[in-house]
Amino acid sequence: MPAIIIKMNIFINTNYIEDFTRGDVEKRFPLIYFWLKDYYYQRSENFDRTHWSYSDAPGSIEDNAELQAQLRATPPDIVGLSLYMWNADLLLANARWIKENINPDCIIVAAGPNADSRDPWMREHTYVDFVVNGPGGETFKRIIDGRLAGEDCRDVAGVSYWNGLSTIRNAPVPRKEDPLVLDYMNNFRDEVVAMLDDYTQRYDKVIVLTMYIQGCPYSCSFCEQGTSLWTKINKRTLEKMYTEIDLISQYPGIIYEFADANFGIVPEYETILDYIIANAKGNISLKKPPFAKNNVEHTFHLIQKMQDAGIYHSPHDGMITLQDPNPEIVKYNGRPFSKEYEKIKAYQEYTKDQAHKTAQIEIILGMPGQTWDTLWNSLSDLMSQDLVSHYMPYLYLIFPNTVLTSPDSEIEITYRRMKVRRERGWVTGWIDPLDSQVEMDYVHLTSTPTLSTEELVSAHYYWTLVNHIYGFLGWMRTPVDYLQRYHNIDVYQFMRHFAAQFHPDRWKDLPASIRTDIELTARWFRGDDELLQRKSDCGKYWLCGRRLSQYRFHADYSDFETLFYRVFDALGVEDDQLDDLMRWQCTKLLHFTPSKYSNTITSYNYDDIAQGTSDVYWKSKFTFKSADQDVWDKMLKLEDVNWVMETLWEPAQPSEQVELIVR
């Protein structure tokens, strides 16, 4: 039996990625540390026998002499790890270092979305004593109390541990015994104030994480909170939320971020929002909350309220979560579909006056049940209902504690850890410097029984392209609308043939630049290459995989024009106006190599013709002017490029003027 400990040192190790939503550095407040400490303070009589510390330093302990000195001064008896995909490798290496160099008898407890309790992971990480899946406050408390009492913590509810042969999983703590009692801004006010004073002096913005509700009633296959461990919902009191808001409102540049799974799911969220608007003194903005599966009309109501108050901190104007517009696929993955049409109607109303869609529409590619045909058909659904935005689809991320990865899952999938050079480059970037080092990796689903790796790669390529040139620029709407108006070819017919150009069976027929993009992406997905080995045309930069097709469209536009002509041929369209329409399309685009193209043309306005704004059209001289910007520099700095050209026009020369009647 372990010895009874008089005073226990508890060290919480986490790591947050610094956010840059508006270009400023945004430092995150260590919610996990304060939450676990505060839970123990409120729920255990042994708090005075504990000493708490934490680190969210970005590098390893092995390279941090200052942190090493701190740990040697107070050797941890228990180390808590909050594992996410961006920090798991670092924190696990830190835990191993502590056990080997500071205290070999310390207890390592891993929790968080990437804490894996499956046998292969537990066999590999035997220095981790316990894994906690699901809500961890009460289980962590019981581990501390058990260690203080000299008891065997392998009997604690909610822990999983390796017995040398396999993983032993104890029954979870009943949710009624694990309340959400978060009140650290009252209980540790001096420590919180000191940290806020420090952070607001050193950083442009400070992200203060919070929770009002813990848990989720839904069972999505891709989400950690889709498991039964999270289905019971626990709430805080509004008074504690108000106290928290009152304190942080005294500091400028605070970004309030809810870690809740479904912001707005109960009426109290609007009450909290109203309190922020009335009492935050202009110092608090709200990071886009995770609205997820809520009533969409209410979601947009809350977004509008935040925007009207000037506190909505997000690059996306609005949000709906669909995952896939195909109800059978969504249901197969554990999502209710009853409100999707309601969401669509509300989104259409909310964005009806937006020339360029910037809202966030969550779609996942690679979901079990999706096929090559369902994917192009789903994209056609989105296009036909004006639901395509600049926000790109997600690739299906694999987490260890989801319905899909549970031991009793019957869905066969393949997945792989895929390395990227820059986390922010992968999420928002177009290019990375050639000297970029591997920063992190993502575990992505790479195939299912109904969707091959090559099909997934190709679908992602044309989906992200359409998000850019149809949803945001609106460029693709002109040929699509033209074909529908004058040739009775609807968006489903068009997309079936457009997607077919990218089918793996036809890769050999693609223009060389596009074919190389897709083939190298497939090598990366399969694991043949550690990183995506695709460079920009100038050879100075690595290309980022999520926006590869968007880069190619602006860098080698003529190759995509070739594909459009192939689609016209496949549809059997013969039309003397198509060449002029495509010249118009080429002219109004921002090109990465402008010397190859002209942005001035004497032409009819084919945008108007496609919309059928008149029966008779006349030519004008159009110039499409780009903003004064260094596109490469902006992309390297991960700043927004101004893709939208300014349209200037003047009358055509009389000798060039010809009346056009289109029927």
# chains A, B, ... in the order shown; residues from 1 in each chain; ligands from 1
$ residues_around --residues "Asp441 of chain A" --least-positions-apart "2" --cutoff "12 Å" --atoms "only C-alpha atoms" --output "PDB file with N, CA and C atoms, in the first residue's frame"
ATOM      1  N   TYR A  84      -4.877  17.382 -26.097  1.00  0.00           N
ATOM      2  CA  TYR A  84      -5.572  17.721 -27.334  1.00  0.00           C
ATOM      3  C   TYR A  84      -4.667  17.336 -28.493  1.00  0.00           C
ATOM      4  N   MET A  85      -5.194  17.364 -29.706  1.00  0.00           N
ATOM      5  CA  MET A  85      -4.402  16.906 -30.843  1.00  0.00           C
ATOM      6  C   MET A  85      -3.153  17.763 -31.040  1.00  0.00           C
ATOM      7  N   TRP A  86      -3.204  19.037 -30.650  1.00  0.00           N
ATOM      8  CA  TRP A  86      -2.058  19.910 -30.875  1.00  0.00           C
ATOM      9  C   TRP A  86      -0.991  19.816 -29.784  1.00  0.00           C
ATOM     10  N   ASN A  87      -1.294  19.160 -28.652  1.00  0.00           N
ATOM     11  CA  ASN A  87      -0.311  19.164 -27.570  1.00  0.00           C
ATOM     12  C   ASN A  87       0.012  17.780 -27.013  1.00  0.00           C
ATOM     13  N   ALA A  88      -0.639  16.732 -27.510  1.00  0.00           N
ATOM     14  CA  ALA A  88      -0.511  15.415 -26.878  1.00  0.00           C
ATOM     15  C   ALA A  88       0.928  14.917 -26.857  1.00  0.00           C
ATOM     16  N   ASP A  89       1.638  15.009 -27.972  1.00  0.00           N
ATOM     17  CA  ASP A  89       3.012  14.504 -28.018  1.00  0.00           C
ATOM     18  C   ASP A  89       3.909  15.260 -27.049  1.00  0.00           C
ATOM     19  N   LEU A  90       3.769  16.573 -27.006  1.00  0.00           N
ATOM     20  CA  LEU A  90       4.591  17.399 -26.117  1.00  0.00           C
ATOM     21  C   LEU A  90       4.320  17.065 -24.654  1.00  0.00           C
ATOM     22  N   LEU A 397     -11.893  14.291 -38.595  1.00  0.00           N
ATOM     23  CA  LEU A 397     -10.860  14.098 -37.588  1.00  0.00           C
ATOM     24  C   LEU A 397     -11.206  12.909 -36.702  1.00  0.00           C
ATOM     25  N   ILE A 398     -10.207  12.129 -36.378  1.00  0.00           N
ATOM     26  CA  ILE A 398     -10.394  10.952 -35.535  1.00  0.00           C
ATOM     27  C   ILE A 398      -9.912  11.255 -34.120  1.00  0.00           C
ATOM     28  N   ARG A 416      -4.994   7.889 -40.214  1.00  0.00           N
ATOM     29  CA  ARG A 416      -3.554   8.052 -40.120  1.00  0.00           C
ATOM     30  C   ARG A 416      -3.218   9.400 -39.504  1.00  0.00           C
ATOM     31  N   ARG A 417      -2.097   9.442 -38.787  1.00  0.00           N
ATOM     32  CA  ARG A 417      -1.593  10.717 -38.281  1.00  0.00           C
ATOM     33  C   ARG A 417      -0.880  11.427 -39.421  1.00  0.00           C
ATOM     34  N   MET A 418      -1.366  12.600 -39.764  1.00  0.00           N
ATOM     35  CA  MET A 418      -0.850  13.342 -40.914  1.00  0.00           C
ATOM     36  C   MET A 418      -0.193  14.629 -40.423  1.00  0.00           C
ATOM     37  N   LYS A 419       1.067  14.785 -40.749  1.00  0.00           N
ATOM     38  CA  LYS A 419       1.842  15.921 -40.260  1.00  0.00           C
ATOM     39  C   LYS A 419       1.646  17.143 -41.157  1.00  0.00           C
ATOM     40  N   VAL A 420       1.635  18.332 -40.519  1.00  0.00           N
ATOM     41  CA  VAL A 420       1.563  19.593 -41.250  1.00  0.00           C
ATOM     42  C   VAL A 420       2.688  20.501 -40.773  1.00  0.00           C
ATOM     43  N   ARG A 421       3.074  21.438 -41.628  1.00  0.00           N
ATOM     44  CA  ARG A 421       4.214  22.298 -41.305  1.00  0.00           C
ATOM     45  C   ARG A 421       3.845  23.374 -40.287  1.00  0.00           C
ATOM     46  N   ARG A 422       2.717  24.011 -40.492  1.00  0.00           N
ATOM     47  CA  ARG A 422       2.249  25.043 -39.562  1.00  0.00           C
ATOM     48  C   ARG A 422       0.778  24.792 -39.269  1.00  0.00           C
ATOM     49  N   GLU A 423       0.431  24.775 -37.989  1.00  0.00           N
ATOM     50  CA  GLU A 423      -0.968  24.557 -37.640  1.00  0.00           C
ATOM     51  C   GLU A 423      -1.850  25.624 -38.258  1.00  0.00           C
ATOM     52  N   ARG A 424      -1.456  26.874 -38.131  1.00  0.00           N
ATOM     53  CA  ARG A 424      -2.282  27.941 -38.699  1.00  0.00           C
ATOM     54  C   ARG A 424      -2.239  27.919 -40.218  1.00  0.00           C
ATOM     55  N   TRP A 426      -2.133  25.210 -42.011  1.00  0.00           N
ATOM     56  CA  TRP A 426      -3.069  24.165 -42.418  1.00  0.00           C
ATOM     57  C   TRP A 426      -4.508  24.642 -42.287  1.00  0.00           C
ATOM     58  N   VAL A 427      -4.817  25.384 -41.240  1.00  0.00           N
ATOM     59  CA  VAL A 427      -6.192  25.793 -40.986  1.00  0.00           C
ATOM     60  C   VAL A 427      -6.616  26.928 -41.915  1.00  0.00           C
ATOM     61  N   GLN A 437       9.108  23.904 -40.397  1.00  0.00           N
ATOM     62  CA  GLN A 437       9.308  22.628 -39.738  1.00  0.00           C
ATOM     63  C   GLN A 437       7.950  22.020 -39.378  1.00  0.00           C
ATOM     64  N   VAL A 438       7.950  20.719 -39.138  1.00  0.00           N
ATOM     65  CA  VAL A 438       6.712  20.051 -38.734  1.00  0.00           C
ATOM     66  C   VAL A 438       6.272  20.611 -37.390  1.00  0.00           C
ATOM     67  N   GLU A 439       5.059  21.150 -37.337  1.00  0.00           N
ATOM     68  CA  GLU A 439       4.572  21.764 -36.110  1.00  0.00           C
ATOM     69  C   GLU A 439       3.626  20.851 -35.356  1.00  0.00           C
ATOM     70  N   VAL A 443      -5.004  13.502 -36.840  1.00  0.00           N
ATOM     71  CA  VAL A 443      -5.398  12.135 -37.166  1.00  0.00           C
ATOM     72  C   VAL A 443      -6.658  12.228 -38.024  1.00  0.00           C
ATOM     73  N   HIS A 444      -6.493  11.931 -39.304  1.00  0.00           N
ATOM     74  CA  HIS A 444      -7.601  12.042 -40.252  1.00  0.00           C
ATOM     75  C   HIS A 444      -8.080  10.662 -40.696  1.00  0.00           C
ATOM     76  N   GLU A 530       5.753  11.948 -45.699  1.00  0.00           N
ATOM     77  CA  GLU A 530       5.428  12.449 -44.366  1.00  0.00           C
ATOM     78  C   GLU A 530       4.634  13.741 -44.442  1.00  0.00           C
ATOM     79  N   LEU A 531       5.020  14.620 -45.364  1.00  0.00           N
ATOM     80  CA  LEU A 531       4.362  15.909 -45.551  1.00  0.00           C
ATOM     81  C   LEU A 531       3.917  16.042 -46.998  1.00  0.00           C
TER      82      LEU A 531
END
$ residues_around --residues "Asn101 of chain A" --least-positions-apart "3" --cutoff "12 Å" --atoms "only C-alpha atoms" --output "PyMOL selection string"
chain A and resi 61-62+68-69+71-72+75-76+93-98+104-106
$ residues_around --residues "His468 of chain A" --least-positions-apart "5" --cutoff "8 Å" --atoms "only C-alpha atoms" --output "PyMOL selection string"
chain A and resi 389-390+473-474+550
$ closest_residue --among "A:Met306, A:Met392, A:Asp628, A:Ala110" --to "Met122 of chain A" --atoms "only C-alpha atoms"
A:Ala110
$ residues_around --residues "Val159 of chain A" --least-positions-apart "5" --cutoff "9 Å" --atoms "only C-alpha atoms" --output "PyMOL selection string"
chain A and resi 109+130-133+139-140+143+153-154+168-172
$ atom_distance --atom1 "atom CA of Tyr54 of chain A" --atom2 "atom CA of Phe11 of chain A"
5.2 Å
$ atom_distance --atom1 "atom CA of Thr358 of chain A" --atom2 "atom CA of Val457 of chain A"
24.2 Å
$ select_by_dssp --residues "segment 441-539 of chain A" --states "strand (DSSP E or B)" --output "PyMOL selection string"
chain A and resi 441-448+451+535
$ residues_around --residues "Thr210 of chain A" --least-positions-apart "3" --cutoff "10 Å" --atoms "only C-alpha atoms" --output "count of residues only"
14
$ atom_distance --atom1 "atom CA of Val208 of chain A" --atom2 "atom CA of Tyr251 of chain A"
11.2 Å
$ residues_around --residues "segment 277-280 of chain A" --least-positions-apart "4" --cutoff "8 Å" --atoms "only C-alpha atoms" --output "count of residues only"
8
$ closest_residue --among "A:Val388, A:Thr402, A:Asn488, A:Ser549" --to "Gly572 of chain A" --atoms "only C-alpha atoms"
A:Asn488
$ residues_around --residues "Arg506 of chain A" --least-positions-apart "6" --cutoff "12 Å" --atoms "only C-alpha atoms" --output "PyMOL selection string"
chain A and resi 454-455+458+497-500+514-515+518-519+563
$ closest_residue --among "A:Gly253, A:Gly137, A:Gly150, A:Pro654" --to "Gln214 of chain A" --atoms "only C-alpha atoms"
A:Gly137
$ decode --residues "segment 411-481 of chain A" --atoms "C-alpha atoms" --output "short mmCIF file (atom, residue, chain, number, x, y, z; two decimals), in the first residue's frame"
data_model
loop_
_atom_site.label_atom_id
_atom_site.label_comp_id
_atom_site.auth_asym_id
_atom_site.auth_seq_id
_atom_site.Cartn_x
_atom_site.Cartn_y
_atom_site.Cartn_z
CA ILE A 411 -17.82 0.69 -38.89
CA GLU A 412 -14.51 -0.21 -40.51
CA ILE A 413 -12.34 2.79 -41.27
CA THR A 414 -8.70 3.57 -41.95
CA TYR A 415 -7.03 6.62 -40.47
CA ARG A 416 -3.55 8.05 -40.12
CA ARG A 417 -1.59 10.72 -38.28
CA MET A 418 -0.85 13.34 -40.91
CA LYS A 419 1.84 15.92 -40.26
CA VAL A 420 1.56 19.59 -41.25
CA ARG A 421 4.21 22.30 -41.30
CA ARG A 422 2.25 25.04 -39.56
CA GLU A 423 -0.97 24.56 -37.64
CA ARG A 424 -2.28 27.94 -38.70
CA GLY A 425 -1.03 27.35 -42.22
CA TRP A 426 -3.07 24.17 -42.42
CA VAL A 427 -6.19 25.79 -40.99
CA THR A 428 -6.19 29.13 -42.80
CA GLY A 429 -3.10 29.37 -44.98
CA TRP A 430 -2.31 29.05 -48.66
CA ILE A 431 1.47 28.77 -48.54
CA ASP A 432 4.24 28.00 -46.05
CA PRO A 433 7.91 29.02 -46.20
CA LEU A 434 10.17 26.30 -47.55
CA ASP A 435 12.05 26.19 -44.25
CA SER A 436 8.87 25.41 -42.27
CA GLN A 437 9.31 22.63 -39.74
CA VAL A 438 6.71 20.05 -38.73
CA GLU A 439 4.57 21.76 -36.11
CA MET A 440 1.82 19.27 -35.38
CA ASP A 441 -0.21 16.45 -36.81
CA TYR A 442 -3.85 15.58 -37.26
CA VAL A 443 -5.40 12.13 -37.17
CA HIS A 444 -7.60 12.04 -40.25
CA LEU A 445 -9.94 9.39 -41.53
CA THR A 446 -8.45 8.27 -44.85
CA SER A 447 -10.99 5.76 -46.16
CA THR A 448 -14.23 3.94 -45.36
CA PRO A 449 -15.88 0.89 -46.97
CA THR A 450 -17.80 3.27 -49.26
CA LEU A 451 -15.15 5.94 -49.96
CA SER A 452 -11.56 5.24 -51.03
CA THR A 453 -8.60 7.43 -50.13
CA GLU A 454 -8.31 8.58 -53.75
CA GLU A 455 -12.01 9.46 -53.92
CA LEU A 456 -11.80 11.41 -50.64
CA VAL A 457 -8.74 13.35 -51.82
CA SER A 458 -10.40 14.22 -55.14
CA ALA A 459 -13.69 15.21 -53.51
CA HIS A 460 -11.87 17.47 -51.05
CA TYR A 461 -10.00 19.09 -53.94
CA TYR A 462 -13.07 20.08 -55.94
CA TRP A 463 -15.20 20.86 -52.86
CA THR A 464 -12.73 23.44 -51.54
CA LEU A 465 -12.42 24.88 -55.04
CA VAL A 466 -16.20 25.31 -55.34
CA ASN A 467 -16.36 26.91 -51.88
CA HIS A 468 -13.98 29.58 -53.14
CA ILE A 469 -15.11 30.20 -56.71
CA TYR A 470 -18.85 29.65 -56.23
CA GLY A 471 -19.59 30.38 -52.58
CA PHE A 472 -17.24 33.32 -52.05
CA LEU A 473 -16.13 34.86 -55.34
CA GLY A 474 -19.34 33.95 -57.12
CA TRP A 475 -17.19 33.33 -60.21
CA MET A 476 -18.62 29.90 -60.94
CA ARG A 477 -22.20 31.09 -60.67
CA THR A 478 -22.02 32.79 -64.07
CA PRO A 479 -21.40 29.67 -66.21
CA VAL A 480 -23.72 27.56 -64.03
CA ASP A 481 -26.54 30.12 -64.23
#
